[in-house]
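Peer 1: The file below is target00.txt, compact mmCIF, C-alpha atoms and all ligand atoms:
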# COMPACT_ATOMS: atom_id res chain seq x y z
CA MET A 167 24.32 6.18 -20.78
CA ASN A 168 25.05 3.78 -17.96
CA GLU A 169 27.73 1.86 -19.76
CA LYS A 170 30.53 3.44 -17.77
CA SER A 171 33.61 3.63 -19.91
CA TYR A 172 36.14 4.83 -17.38
CA CYS A 173 37.39 3.87 -13.93
CA PRO A 174 35.53 5.71 -11.13
CA ALA A 175 38.74 5.88 -9.08
CA CYS A 176 41.44 7.03 -11.50
CA HIS A 177 39.40 7.78 -14.67
CA GLU A 178 41.48 5.39 -16.79
CA THR A 179 39.58 4.08 -19.84
CA GLN A 180 41.62 0.88 -20.35
CA LYS A 181 39.74 -1.98 -18.73
CA GLN A 182 39.47 -5.73 -18.84
CA LEU A 183 36.32 -7.83 -18.42
CA ARG A 184 36.49 -9.75 -15.14
CA GLY A 185 33.12 -11.49 -15.52
CA GLU A 186 29.38 -10.96 -15.45
CA LYS A 187 26.88 -10.87 -12.63
CA GLY A 188 23.15 -10.60 -13.31
CA ASP A 189 22.75 -8.07 -16.11
CA PHE A 190 26.05 -6.45 -15.39
CA LYS A 191 29.56 -6.68 -16.71
CA VAL A 192 32.31 -6.37 -14.12
CA TYR A 193 35.53 -4.72 -15.29
CA VAL A 194 38.93 -4.29 -13.75
CA CYS A 195 40.77 -1.01 -14.32
CA GLN A 196 44.08 -1.62 -16.08
CA LYS A 197 45.76 1.22 -14.24
CA CYS A 198 44.66 0.99 -10.59
CA GLY A 199 42.98 -2.44 -10.32
CA THR A 200 39.63 -1.11 -9.10
CA LEU A 201 36.65 -3.33 -10.02
CA TYR A 202 33.65 -1.56 -11.48
CA ILE A 203 30.45 -2.44 -13.20
CA ALA A 204 28.68 -1.42 -16.34
CA GLY A 205 25.39 -2.77 -17.59
CA LYS A 206 21.95 -2.30 -19.03
CA LYS A 207 20.12 -1.09 -15.95
CA ALA A 208 20.56 2.39 -14.57
CA ALA A 209 23.12 2.34 -11.82
CA THR A 210 21.03 4.77 -9.83
CA SER A 211 17.81 2.77 -10.21
CA PHE A 212 18.33 0.82 -7.02
CA ASN A 213 15.65 1.86 -4.55
CA TYR A 214 16.97 2.22 -1.02
CA ASP A 215 13.71 3.36 0.54
CA ASP A 216 12.85 0.05 2.17
CA TYR A 217 16.45 -1.01 2.54
CA TYR A 218 16.08 -1.55 6.27
CA ASP A 219 13.54 -3.33 8.40
CA GLU A 220 13.46 -4.39 12.02
CA GLY A 221 15.33 -7.59 11.27
CA ASN A 222 18.36 -5.97 9.77
CA LEU A 223 18.31 -2.97 12.07
CA ALA A 224 19.14 -5.22 15.04
CA ILE A 225 22.87 -5.27 15.72
CA PRO A 226 24.88 -7.87 17.66
CA ASP A 227 26.61 -6.82 20.90
CA PHE A 228 30.18 -7.38 19.78
CA VAL A 229 29.57 -5.07 16.82
CA GLU A 230 28.36 -2.35 19.18
CA ARG A 231 31.48 -2.70 21.33
CA ARG A 232 33.67 -2.42 18.27
CA LEU A 233 31.83 0.74 17.17
CA THR A 234 32.50 2.36 20.53
CA GLU A 235 36.21 1.61 20.11
CA ILE A 236 36.10 3.20 16.67
CA VAL A 237 34.41 6.35 17.98
CA ARG A 238 36.97 6.62 20.80
CA SER A 239 39.74 6.62 18.20
CA PHE A 240 38.34 9.95 16.89
CA GLU A 241 38.96 11.70 20.21
CA LYS A 242 41.98 13.74 19.12
CA TYR A 243 39.87 15.42 16.43
CA ARG A 244 37.27 16.71 18.88
CA GLN A 245 37.15 20.54 18.78
CA ASN A 246 33.68 21.81 17.96
CA ASN A 247 32.20 18.41 18.92
CA ARG A 248 30.21 17.92 15.70
CA PHE A 249 30.14 14.47 14.11
CA LEU A 250 28.49 13.51 10.82
CA ASP A 251 27.68 9.99 9.67
CA VAL A 252 27.14 9.98 5.91
CA GLY A 253 24.87 7.04 5.10
CA CYS A 254 24.11 6.33 8.74
CA GLY A 255 22.00 3.26 7.90
CA ALA A 256 20.80 1.46 11.01
CA GLY A 257 22.25 4.28 13.14
CA THR A 258 24.72 2.11 15.04
CA LEU A 259 27.69 4.42 14.65
CA LEU A 260 25.51 7.47 15.36
CA LYS A 261 24.37 5.86 18.59
CA ALA A 262 27.94 5.07 19.59
CA ALA A 263 28.99 8.67 18.85
CA LEU A 264 26.07 10.10 20.86
CA ASN A 265 27.00 7.82 23.77
CA GLU A 266 30.53 9.23 23.66
CA GLY A 267 29.18 12.77 23.96
CA TRP A 268 29.42 13.86 20.33
CA GLN A 269 26.81 16.15 18.85
CA ALA A 270 26.16 13.56 16.16
CA GLU A 271 23.87 13.63 13.17
CA GLY A 272 23.33 11.51 10.08
CA ILE A 273 22.48 11.59 6.41
CA GLU A 274 20.55 8.70 4.91
CA VAL A 275 18.75 8.01 1.62
CA SER A 276 16.62 5.17 3.00
CA ARG A 277 13.29 6.52 4.22
CA SER A 278 12.58 3.53 6.48
CA SER A 279 15.92 4.01 8.21
CA VAL A 280 15.36 7.76 8.66
CA GLU A 281 11.95 7.14 10.23
CA PHE A 282 13.36 4.46 12.51
CA LEU A 283 16.15 6.74 13.76
CA ARG A 284 13.98 9.86 14.15
CA LYS A 285 11.60 7.85 16.33
CA GLN A 286 14.54 7.32 18.65
CA GLY A 287 15.23 11.04 18.75
CA MET A 288 18.23 11.07 16.44
CA LYS A 289 18.93 13.92 14.07
CA VAL A 290 18.94 12.53 10.53
CA PHE A 291 18.61 14.26 7.18
CA HIS A 292 16.75 12.31 4.49
CA GLY A 293 18.56 12.66 1.17
CA ASP A 294 22.01 13.27 -0.28
CA LEU A 295 24.79 15.16 1.46
CA SER A 296 24.66 18.00 -1.08
CA ALA A 297 20.95 18.54 -0.34
CA ALA A 298 21.58 18.87 3.41
CA GLN A 299 23.41 22.17 2.80
CA PHE A 300 25.73 22.15 5.79
CA SER A 301 28.00 25.18 6.12
CA GLU A 302 31.62 24.77 5.15
CA GLY A 303 33.84 23.51 7.95
CA SER A 304 30.99 22.32 10.19
CA PHE A 305 32.31 18.97 11.41
CA ASP A 306 35.31 17.58 13.29
CA VAL A 307 34.71 14.08 11.96
CA ALA A 308 32.74 12.65 9.05
CA ALA A 309 32.21 8.91 8.76
CA ALA A 310 31.29 7.11 5.54
CA ALA A 311 30.96 3.40 6.32
CA GLU A 312 30.20 1.14 3.36
CA ILE A 313 28.74 3.84 1.15
CA LEU A 314 31.42 4.79 -1.39
CA GLU A 315 30.82 1.56 -3.31
CA HIS A 316 27.15 2.54 -3.81
CA ILE A 317 27.63 6.01 -5.26
CA PRO A 318 27.86 6.42 -9.05
CA GLU A 319 30.38 9.31 -8.88
CA PRO A 320 32.18 8.83 -5.55
CA ILE A 321 34.51 11.77 -6.20
CA ASN A 322 31.53 14.12 -5.76
CA VAL A 323 30.61 12.90 -2.28
CA LEU A 324 34.27 12.97 -1.22
CA LYS A 325 34.51 16.60 -2.32
CA GLU A 326 31.31 17.38 -0.43
CA ILE A 327 32.63 15.70 2.72
CA TYR A 328 35.84 17.70 2.36
CA GLN A 329 33.73 20.87 2.23
CA VAL A 330 31.77 20.19 5.40
CA LEU A 331 34.82 19.15 7.45
CA ARG A 332 36.71 21.81 9.37
CA PRO A 333 40.41 22.28 8.43
CA GLY A 334 42.28 19.40 10.08
CA GLY A 335 39.07 17.38 10.45
CA LEU A 336 38.91 13.65 9.79
CA LEU A 337 37.19 11.54 7.17
CA TRP A 338 36.90 7.94 8.34
CA ALA A 339 35.55 5.44 5.83
CA THR A 340 35.26 1.75 5.07
CA THR A 341 34.51 0.06 1.77
CA PRO A 342 35.08 -3.43 0.32
CA HIS A 343 38.50 -4.07 -1.18
CA GLY A 344 38.51 -4.92 -4.89
CA LYS A 345 42.00 -6.47 -4.71
CA GLY A 346 41.68 -8.39 -1.43
CA ALA A 347 41.88 -12.15 -0.99
CA SER A 348 38.17 -12.74 -1.68
CA ALA A 349 38.12 -10.61 -4.82
CA ARG A 350 41.20 -12.43 -6.11
CA LEU A 351 40.05 -15.91 -5.20
CA LEU A 352 36.32 -15.67 -5.88
CA GLY A 353 36.21 -13.01 -8.60
CA VAL A 354 32.64 -12.02 -9.42
CA ARG A 355 31.31 -14.83 -7.18
CA TRP A 356 32.33 -12.80 -4.11
CA THR A 357 29.19 -11.48 -2.34
CA CYS A 358 30.62 -7.96 -2.37
CA VAL A 359 30.48 -7.98 -6.16
CA ALA A 360 26.81 -7.06 -5.95
CA PRO A 361 25.46 -4.84 -8.73
CA PRO A 362 23.45 -2.69 -8.92
CA GLU A 363 23.97 -1.96 -5.22
CA HIS A 364 27.75 -2.04 -5.40
CA LEU A 365 29.04 -0.15 -8.40
CA HIS A 366 32.78 -0.31 -7.69
CA LEU A 367 35.17 -2.06 -5.36
CA PHE A 368 38.29 0.02 -4.96
CA SER A 369 41.91 -0.97 -4.93
CA VAL A 370 44.19 0.79 -2.41
CA LYS A 371 45.77 2.72 -5.26
CA GLY A 372 42.36 3.67 -6.66
CA ILE A 373 40.83 5.00 -3.45
CA LYS A 374 44.04 6.82 -2.56
CA ASN A 375 43.97 8.52 -5.93
CA LEU A 376 40.36 9.57 -5.43
CA LEU A 377 40.96 10.96 -1.92
CA GLU A 378 43.92 12.99 -3.13
CA GLU A 379 41.87 14.29 -6.03
CA ALA A 380 39.33 15.49 -3.43
CA LYS A 381 42.32 17.26 -1.73
CA PHE A 382 42.51 15.11 1.43
CA ARG A 383 45.90 14.96 3.17
CA ASN A 384 47.62 12.40 5.38
CA VAL A 385 45.69 9.59 3.72
CA ARG A 386 46.12 6.29 5.53
CA ILE A 387 44.59 3.07 4.25
CA SER A 388 44.67 -0.36 5.80
CA THR A 389 43.21 -3.59 4.50
CA GLN A 390 41.57 -5.85 7.08
CA GLY A 391 39.55 -9.02 7.38
CA LEU A 392 36.02 -8.25 8.34
CA ASN A 393 34.77 -4.95 9.64
CA PRO A 394 31.58 -4.45 11.66
CA PHE A 395 29.90 -2.50 8.89
CA GLU A 396 30.55 -5.26 6.43
CA ILE A 397 28.73 -7.55 8.82
CA ILE A 398 25.80 -5.18 9.06
CA HIS A 399 25.85 -4.70 5.34
CA THR A 400 25.98 -8.38 4.51
CA LEU A 401 23.09 -9.12 6.84
CA ARG A 402 21.11 -6.45 5.07
CA ASN A 403 22.24 -7.65 1.67
CA GLY A 404 21.06 -11.20 2.30
CA LYS A 405 17.67 -9.82 3.30
CA VAL A 406 17.30 -7.62 0.27
CA LEU A 407 18.31 -10.43 -2.03
CA GLN A 408 15.89 -12.81 -0.37
CA ALA A 409 13.06 -10.36 -0.71
CA GLU A 410 13.67 -9.03 -4.17
CA ASN A 411 15.38 -11.51 -6.36
CA LYS A 412 14.90 -15.20 -5.96
CA GLU A 413 17.25 -15.99 -8.79
CA ILE A 414 20.15 -14.05 -7.36
CA ASN A 415 19.14 -15.39 -3.98
CA LYS A 416 19.75 -18.96 -5.06
CA MET A 417 23.15 -18.03 -6.38
CA ASP A 418 23.91 -16.05 -3.27
CA GLU A 419 22.77 -18.55 -0.70
CA ARG A 420 26.07 -20.34 -0.49
CA ALA A 421 27.94 -17.09 -0.23
CA PHE A 422 25.61 -15.91 2.51
CA ASN A 423 26.18 -19.11 4.46
CA ARG A 424 29.88 -18.60 4.06
CA TYR A 425 29.39 -15.14 5.49
CA GLU A 426 27.45 -16.51 8.47
CA THR A 427 30.42 -18.73 9.20
CA SER A 428 32.80 -15.79 9.19
CA TYR A 429 30.35 -13.81 11.30
CA GLU A 430 30.44 -16.55 13.95
CA LEU A 431 34.19 -16.67 13.64
CA ASN A 432 34.38 -12.92 14.18
CA ALA A 433 32.09 -13.13 17.22
CA SER A 434 34.09 -15.92 18.80
CA LEU A 435 37.39 -14.21 17.99
CA SER A 436 36.20 -11.17 19.90
CA ALA A 437 35.31 -13.25 22.94
CA SER A 438 38.56 -13.35 24.88
CA ALA A 439 41.82 -11.44 25.14
CA LEU A 440 43.84 -14.26 23.58
CA ARG A 441 41.41 -14.60 20.72
CA ARG A 442 41.44 -10.85 20.22
CA ALA A 443 45.24 -10.99 20.02
CA VAL A 444 45.04 -13.73 17.37
CA LYS A 445 42.54 -11.69 15.43
CA ASN A 446 44.71 -8.57 15.62
CA LEU A 447 47.66 -10.59 14.37
CA LEU A 448 45.61 -11.95 11.46
CA ASN A 449 44.46 -8.43 10.63
CA ARG A 450 48.04 -7.17 10.71
CA MET A 451 49.07 -9.92 8.31
CA LEU A 452 46.18 -9.12 6.01
CA ASP A 453 47.15 -5.46 6.14
CA THR A 454 50.85 -6.00 5.45
CA SER A 455 50.05 -8.27 2.52
CA ARG A 456 47.30 -5.86 1.37
CA LEU A 457 44.98 -8.86 1.03
CA GLY A 458 42.27 -7.90 3.55
CA ASP A 459 38.75 -7.77 2.13
CA SER A 460 37.89 -4.43 3.68
CA LEU A 461 39.53 -1.02 3.21
CA LYS A 462 39.72 1.23 6.25
CA ILE A 463 40.47 4.83 5.45
CA TRP A 464 41.65 7.83 7.49
CA ALA A 465 42.09 11.13 5.66
CA GLU A 466 42.43 14.68 6.94
CA LYS A 467 41.30 18.00 5.50
ZN ZN B 501 41.49 2.95 -12.04
Could you express the structure from this file as structure tokens?
Peer 2:
Amino acid sequence: MNEKSYCPACHETQKQLRGEKGDFKVYVCQKCGTLYIAGKKAATSFNYDDYYDEGNLAIPDFVERRLTEIVRSFEKYRQNNRFLDVGCGAGTLLKAALNEGWQAEGIEVSRSSVEFLRKQGMKVFHGDLSAAQFSEGSFDVAAAAEILEHIPEPINVLKEIYQVLRPGGLLWATTPHGKGASARLLGVRWTCVAPPEHLHLFSVKGIKNLLEEAKFRNVRISTQGLNPFEIIHTLRNGKVLQAENKEINKMDERAFNRYETSYELNASLSASALRRAVKNLLNRMLDTSRLGDSLKIWAEK
């Protein structure tokens, strides 16, 4: 039942085997280029309950600054002042939104994360978006950072987000890019090819198709180098792998070290105005060439 036979982004059945990772086969969609997995284990069997602990809930300063910038970019959508973070994880974006005066709340499947955030007084629903039963048109902005790649049928959550946004509201999302430089150069060795956590890595064409199927308008997608959530995610990933699978861990160690290098690079690139300018230029080049490893998505209801 879990041997997915069609692309999760465009529903095409023609696919080509890209490689194997663990028990999983990684395919590339022949129509839109999205990478997706199929394998023996249930895609939904991954247990997110203890996904977070104190180690991976601690966030570096430069990431926090970047999150504030991101939240400030949502300003023109502020009408009823309600902000939803779908898959709020360590709560970093929620915190940034609260600091900027939004009435912000989150949805999260990881129990440890929910407990951690509630202790700090944040409003977080434990479970899936559909179970939270928000009224239609509740939110100005919904964020979905690094979650679409985890969800077996991403079209469903996109339709649900569309429902809970007010007309003209914004969906802002990030997810790894299945046709970026790392996916092309490293193939299944790329750390983001990480089943059963990551079930699909979208192409620009694939995610655009999916957003339009969910009826979003004014869809804008850029491809960039690293994004703050990818950093958070990779930190978390390394931890999970260390704790749960020594075999994968061995394989992943090099990749994780490579990530640490880029993390330091990102931190030092954020350090001064000149460096920030260089970084922006690099990101623009990655975007123009569509080779960035991260997809950033803006879509309106
Ligand atoms: Zn496809």
Peer 1: Counting all atoms listed in the file, what residues are within 6 Å of ligand ZN 501 (chain B), given as a PyMOL selection string?
Peer 2: chain A and resi 173+175-178+195+197-200+372
Peer 1: Grab the residues selected above and save them as a PDB file, in the frame of the given file with C-alpha atoms.
Peer 2:
ATOM      1  CA  CYS A 173      37.390   3.870 -13.930  1.00  0.00           C
ATOM      2  CA  ALA A 175      38.740   5.880  -9.080  1.00  0.00           C
ATOM      3  CA  CYS A 176      41.440   7.030 -11.500  1.00  0.00           C
ATOM      4  CA  HIS A 177      39.400   7.780 -14.670  1.00  0.00           C
ATOM      5  CA  GLU A 178      41.480   5.390 -16.790  1.00  0.00           C
ATOM      6  CA  CYS A 195      40.770  -1.010 -14.320  1.00  0.00           C
ATOM      7  CA  LYS A 197      45.760   1.220 -14.240  1.00  0.00           C
ATOM      8  CA  CYS A 198      44.660   0.990 -10.590  1.00  0.00           C
ATOM      9  CA  GLY A 199      42.980  -2.440 -10.320  1.00  0.00           C
ATOM     10  CA  THR A 200      39.630  -1.110  -9.100  1.00  0.00           C
ATOM     11  CA  GLY A 372      42.360   3.670  -6.660  1.00  0.00           C
TER      12      GLY A 372
END
Peer 1: From the list A:Cys358, A:Ile273, A:Leu183, A:Leu264, which residue is nearest Gln196 (chain A) when using all atoms listed in the file?
Peer 2: A:Leu183
Peer 1: So, with only C-alpha atoms as the atoms that count, which of A:Arg238, A:Arg277, A:Arg332, A:Arg284 lies closest to Phe300 (chain A)?
Peer 2: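 For Phe300 (chain A), the nearest of the given residues is A:Arg332.
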Peer 1: Figure out the distance between CA of Ala349 (chain A) and CA of Gly185 (chain A), please, to one decimal in Å.
Peer 2: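 Separation of CA of Gly185 (chain A) and CA of Ala349 (chain A): 11.8 Å.
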Peer 1: Find the residues near Ala311 (chain A): any atom within 12 Å, counting all atoms listed in the file, skip ones fewer than 5 places away on the same chain, and give them as a ChimeraX atom specification.
Peer 2: /A:233,236,250-260,272-274,316,337-342,393-399,460-464
Peer 1: Give me a file of those residues, with C-alpha atoms, as a PDB file, keeping the file's coordinate frame.
Peer 2:
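Output file selection18.pdb is given in full below:
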ATOM      1  CA  LEU A 233      31.830   0.740  17.170  1.00  0.00           C
ATOM      2  CA  ILE A 236      36.100   3.200  16.670  1.00  0.00           C
ATOM      3  CA  LEU A 250      28.490  13.510  10.820  1.00  0.00           C
ATOM      4  CA  ASP A 251      27.680   9.990   9.670  1.00  0.00           C
ATOM      5  CA  VAL A 252      27.140   9.980   5.910  1.00  0.00           C
ATOM      6  CA  GLY A 253      24.870   7.040   5.100  1.00  0.00           C
ATOM      7  CA  CYS A 254      24.110   6.330   8.740  1.00  0.00           C
ATOM      8  CA  GLY A 255      22.000   3.260   7.900  1.00  0.00           C
ATOM      9  CA  ALA A 256      20.800   1.460  11.010  1.00  0.00           C
ATOM     10  CA  GLY A 257      22.250   4.280  13.140  1.00  0.00           C
ATOM     11  CA  THR A 258      24.720   2.110  15.040  1.00  0.00           C
ATOM     12  CA  LEU A 259      27.690   4.420  14.650  1.00  0.00           C
ATOM     13  CA  LEU A 260      25.510   7.470  15.360  1.00  0.00           C
ATOM     14  CA  GLY A 272      23.330  11.510  10.080  1.00  0.00           C
ATOM     15  CA  ILE A 273      22.480  11.590   6.410  1.00  0.00           C
ATOM     16  CA  GLU A 274      20.550   8.700   4.910  1.00  0.00           C
ATOM     17  CA  HIS A 316      27.150   2.540  -3.810  1.00  0.00           C
ATOM     18  CA  LEU A 337      37.190  11.540   7.170  1.00  0.00           C
ATOM     19  CA  TRP A 338      36.900   7.940   8.340  1.00  0.00           C
ATOM     20  CA  ALA A 339      35.550   5.440   5.830  1.00  0.00           C
ATOM     21  CA  THR A 340      35.260   1.750   5.070  1.00  0.00           C
ATOM     22  CA  THR A 341      34.510   0.060   1.770  1.00  0.00           C
ATOM     23  CA  PRO A 342      35.080  -3.430   0.320  1.00  0.00           C
ATOM     24  CA  ASN A 393      34.770  -4.950   9.640  1.00  0.00           C
ATOM     25  CA  PRO A 394      31.580  -4.450  11.660  1.00  0.00           C
ATOM     26  CA  PHE A 395      29.900  -2.500   8.890  1.00  0.00           C
ATOM     27  CA  GLU A 396      30.550  -5.260   6.430  1.00  0.00           C
ATOM     28  CA  ILE A 397      28.730  -7.550   8.820  1.00  0.00           C
ATOM     29  CA  ILE A 398      25.800  -5.180   9.060  1.00  0.00           C
ATOM     30  CA  HIS A 399      25.850  -4.700   5.340  1.00  0.00           C
ATOM     31  CA  SER A 460      37.890  -4.430   3.680  1.00  0.00           C
ATOM     32  CA  LEU A 461      39.530  -1.020   3.210  1.00  0.00           C
ATOM     33  CA  LYS A 462      39.720   1.230   6.250  1.00  0.00           C
ATOM     34  CA  ILE A 463      40.470   4.830   5.450  1.00  0.00           C
ATOM     35  CA  TRP A 464      41.650   7.830   7.490  1.00  0.00           C
TER      36      TRP A 464
END
Peer 1: How many Å lie between CA of Glu235 (chain A) and CA of Leu314 (chain A), rounded to one decimal?
Peer 2: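 A separation of 22.3 Å between them.
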Peer 1: As an exercise, work out the distance from CA of Gly344 (chain A) to CA of Lys325 (chain A) in Å and give it to one decimal place.
Peer 2: 22.0 Å
Peer 1: If you take every atom of region 358-377 of chain A that the file lists and fit an axis-aligned box around them with 5 Å extra on each side, what centre and edge lengths come out in Å to one decimal, as lines of an AutoDock Vina configuration file?
Peer 2:
center_x = 34.6
center_y = 1.5
center_z = -5.4
size_x = 32.3
size_y = 28.9
size_z = 17.0
Peer 1: For Pro333 (chain A), list every protein, DNA or RNA residue within 12 Å, evaluated using all atoms listed in the file, and leave out those in the same chain fewer than 3 positions away; present the list as a list in words.
Peer 2: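 Once the adjacent positions are removed, what remains is Tyr243, Gln245, Asn246, Glu302, Gly303, Ser304, Phe305, Asp306, Val307, Ile327, Tyr328, Gln329, Val330, Leu336, Leu337, Lys381, Phe382, Arg383, Ala465, Glu466 and Lys467 of chain A.
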Peer 1: Quick one: everything within 8 Å of Val237 (chain A), counting all atoms listed in the file, minus sequence neighbours fewer than 6 positions away in the same chain. Send it as a list in words.
Peer 2: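 In the requested form, the answer reads Leu259, Ala262, Ala263 and Glu266 of chain A.
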Peer 1: Those same residues, written as a CSV table (one decimal), keeping the file's coordinate frame with C-alpha atoms?
Peer 2:
chain,number,residue,atom,x,y,z
A,259,LEU,CA,27.7,4.4,14.6
A,262,ALA,CA,27.9,5.1,19.6
A,263,ALA,CA,29.0,8.7,18.8
A,266,GLU,CA,30.5,9.2,23.7
